[in-house]
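See below for the structure under consideration.
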Amino acid sequence: ATQRTRELYKAKGYSEDWIEKRMRGIAIRGELADEWKKRDVKGESDYAILTAEISKAAFGLTPSEYKQVKGLKQQNLRDHMNDLELIFSMLGEAASTEITRKRDARGLDENKTAARKGGRIAGEAREKLEAETGSSVVSSENYLVEPEKTKRLKR
């Protein structure tokens with residue numbers, strides 16, 4: 001499945017560098033979802049709540065708000081993130097996983113606290129980078145029309 005996913009991204013015009021980050025992000029997300037499953041987080045709606053907590057703390061936007069910024073409808077948000085957006089998503093989820101384990105979070109409320117804290121770690125790192133560079137990590141850029149690889153070459 002992993003190789004097939006890589007090939008799909010390649011066929012859609014993503015660079016090897018981007019694909020590598022995206023695949024790592026998928027693995028980190030899977031690890032977090034596995035952790036939630038072990039800790040009495042029930043079903044897709046709870047996962048969506050926790051994901052929104054991480055995203056809001058990391059980027060100042062819920063996934064649905066982020067999709068609006070990027071002009072997306074049903075598309076997968078992460079498939080339209082640039083390198084930095086993917087990296088900060090991974091940081092928020094990896095930090096949330098670590099906090100969840102160390103605090104032995106159970107149920108939705110405790111996992112929500114861990115998710116918020118993990119997202120905040122990514123949010124603080126993002127804010128520091130933005131202060132240093134004077135530009136926003138959150139981008140309205142998407143890959144609906146022009147593939148990521150083509151956009152990367154133009155930079």
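Simple scheme: letters A, B, ... for chains in structure tokens order, numbers from 1 for residues in each chain, numbers from 1 for ligands in the order shown.
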Please identify all polymer residues within 6 Å of Val41 in chain A, counting only C-alpha atoms, omitting same-chain residues fewer than 5 positions from it, and present them as a list in words.
Trp36, Gly107 and Leu108 of chain A
Since we have the selection now, will you write its residues out, keeping C-alpha atoms, as a PDB file, in the first residue's frame?
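Output contents, as saved in out-v8.pdb:
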ATOM      1  CA  TRP A  36      -6.063   7.114  20.494  1.00  0.00           C
ATOM      2  CA  GLY A 107     -10.945   9.115  27.047  1.00  0.00           C
ATOM      3  CA  LEU A 108     -11.835  12.128  24.944  1.00  0.00           C
TER       4      LEU A 108
END
Within 12 Å of Glu127 in chain A, counting only C-alpha atoms, which residues qualify if same-chain residues fewer than 2 places away don't, as a ChimeraX atom specification?
/A:57-60,88,120-125,129-138
Can you check which residues of chain A DSSP gives as helix (DSSP H, G or I) on the backbone and send them as a PyMOL selection string?
chain A and resi 2-11+16-38+43-59+63-70+77-80+83-103+107-133+148-154
Suppose we keep C-alpha atoms; can you now write the selection as a compact mmCIF listing (two decimals), in the first residue's frame?
# COMPACT_ATOMS: atom_id res chain seq x y z
CA THR A 2 2.84 2.38 0.83
CA GLN A 3 4.52 1.91 -2.57
CA ARG A 4 1.19 2.37 -4.33
CA THR A 5 0.59 5.62 -2.42
CA ARG A 6 4.07 6.87 -3.40
CA GLU A 7 3.40 6.04 -7.05
CA LEU A 8 0.04 7.82 -6.95
CA TYR A 9 1.67 10.99 -5.59
CA LYS A 10 4.44 10.75 -8.20
CA ALA A 11 1.84 10.38 -10.99
CA GLU A 16 10.30 12.96 -4.21
CA ASP A 17 11.12 15.37 -1.38
CA TRP A 18 7.44 16.23 -0.82
CA ILE A 19 6.39 12.57 -1.10
CA GLU A 20 8.93 11.61 1.56
CA LYS A 21 7.50 14.18 3.98
CA ARG A 22 3.92 13.19 3.18
CA MET A 23 4.65 9.50 3.76
CA ARG A 24 6.34 10.30 7.07
CA GLY A 25 3.30 12.37 8.04
CA ILE A 26 0.99 9.47 7.21
CA ALA A 27 3.08 7.19 9.47
CA ILE A 28 3.03 9.71 12.34
CA ARG A 29 -0.72 10.15 11.94
CA GLY A 30 -1.20 6.38 11.99
CA GLU A 31 0.81 6.09 15.20
CA LEU A 32 -1.32 8.81 16.82
CA ALA A 33 -4.57 7.16 15.68
CA ASP A 34 -3.36 3.82 17.08
CA GLU A 35 -2.61 5.52 20.39
CA TRP A 36 -6.06 7.11 20.49
CA LYS A 37 -7.70 3.77 19.76
CA LYS A 38 -5.90 2.21 22.76
CA GLY A 43 -14.86 6.68 16.26
CA GLU A 44 -14.32 9.22 13.52
CA SER A 45 -16.13 12.07 15.26
CA ASP A 46 -13.78 11.93 18.27
CA TYR A 47 -10.76 11.70 15.94
CA ALA A 48 -12.05 14.78 14.10
CA ILE A 49 -12.43 16.68 17.39
CA LEU A 50 -8.88 15.80 18.45
CA THR A 51 -7.44 16.58 15.01
CA ALA A 52 -9.16 19.98 15.12
CA GLU A 53 -7.59 20.64 18.54
CA ILE A 54 -4.10 19.95 17.18
CA SER A 55 -4.67 22.00 14.03
CA LYS A 56 -6.17 24.97 15.86
CA ALA A 57 -3.24 25.06 18.31
CA ALA A 58 -0.61 24.50 15.59
CA PHE A 59 -1.97 26.78 12.83
CA PRO A 63 -9.00 21.70 9.29
CA SER A 64 -12.25 23.02 7.76
CA GLU A 65 -11.07 26.63 8.16
CA TYR A 66 -7.70 25.67 6.68
CA LYS A 67 -9.43 24.06 3.68
CA GLN A 68 -11.30 27.33 3.10
CA VAL A 69 -8.00 29.26 3.12
CA LYS A 70 -6.69 26.87 0.46
CA LEU A 77 -5.96 19.08 3.08
CA ARG A 78 -2.51 17.56 3.58
CA ASP A 79 -2.21 16.71 -0.10
CA HIS A 80 -2.22 20.49 -0.65
CA ASP A 83 6.84 21.34 3.04
CA LEU A 84 6.63 23.58 6.11
CA GLU A 85 2.92 23.00 6.58
CA LEU A 86 3.53 19.23 6.49
CA ILE A 87 6.45 19.52 8.93
CA PHE A 88 4.46 21.52 11.47
CA SER A 89 1.52 19.09 11.11
CA MET A 90 3.90 16.22 11.85
CA LEU A 91 5.38 18.06 14.83
CA GLY A 92 1.93 18.70 16.31
CA GLU A 93 0.88 15.08 15.90
CA ALA A 94 4.19 13.59 17.08
CA ALA A 95 4.19 15.86 20.15
CA SER A 96 0.55 14.93 20.85
CA THR A 97 1.42 11.23 20.63
CA GLU A 98 4.32 11.66 23.05
CA ILE A 99 2.27 13.71 25.55
CA THR A 100 -0.62 11.23 25.31
CA ARG A 101 1.73 8.40 26.23
CA LYS A 102 3.63 10.20 29.00
CA ARG A 103 0.43 11.50 30.61
CA GLY A 107 -10.94 9.11 27.05
CA LEU A 108 -11.84 12.13 24.94
CA ASP A 109 -11.26 14.89 27.51
CA GLU A 110 -7.75 13.84 28.57
CA ASN A 111 -6.76 13.20 24.95
CA LYS A 112 -8.15 16.60 23.99
CA THR A 113 -5.84 18.23 26.54
CA ALA A 114 -2.86 16.24 25.18
CA ALA A 115 -3.81 17.15 21.60
CA ARG A 116 -4.05 20.84 22.45
CA LYS A 117 -0.63 20.76 24.17
CA GLY A 118 0.98 18.89 21.28
CA GLY A 119 -0.52 21.29 18.78
CA ARG A 120 0.67 24.24 20.87
CA ILE A 121 4.27 23.00 20.68
CA ALA A 122 4.01 23.08 16.87
CA GLY A 123 2.20 26.43 17.03
CA GLU A 124 4.94 28.04 19.11
CA ALA A 125 7.64 26.71 16.76
CA ARG A 126 5.64 28.01 13.75
CA GLU A 127 5.25 31.45 15.35
CA LYS A 128 9.01 31.64 16.02
CA LEU A 129 9.79 30.77 12.42
CA GLU A 130 7.28 33.33 11.16
CA ALA A 131 8.82 36.00 13.41
CA GLU A 132 12.30 35.19 12.05
CA THR A 133 11.28 35.07 8.38
CA GLU A 148 3.61 20.59 -6.44
CA LYS A 149 6.75 19.65 -8.42
CA THR A 150 6.13 22.41 -10.99
CA LYS A 151 5.52 25.00 -8.27
CA ARG A 152 8.68 23.88 -6.44
CA LEU A 153 10.78 24.48 -9.59
CA LYS A 154 9.48 28.06 -9.86
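Between CA of Asn76 in chain A and CA of Ala105 in chain A lies a distance of 28.1 Å.
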Which distance in Å separates CA of Gln75 in chain A and CA of Ala1 in chain A, to one decimal?
19.9 Å
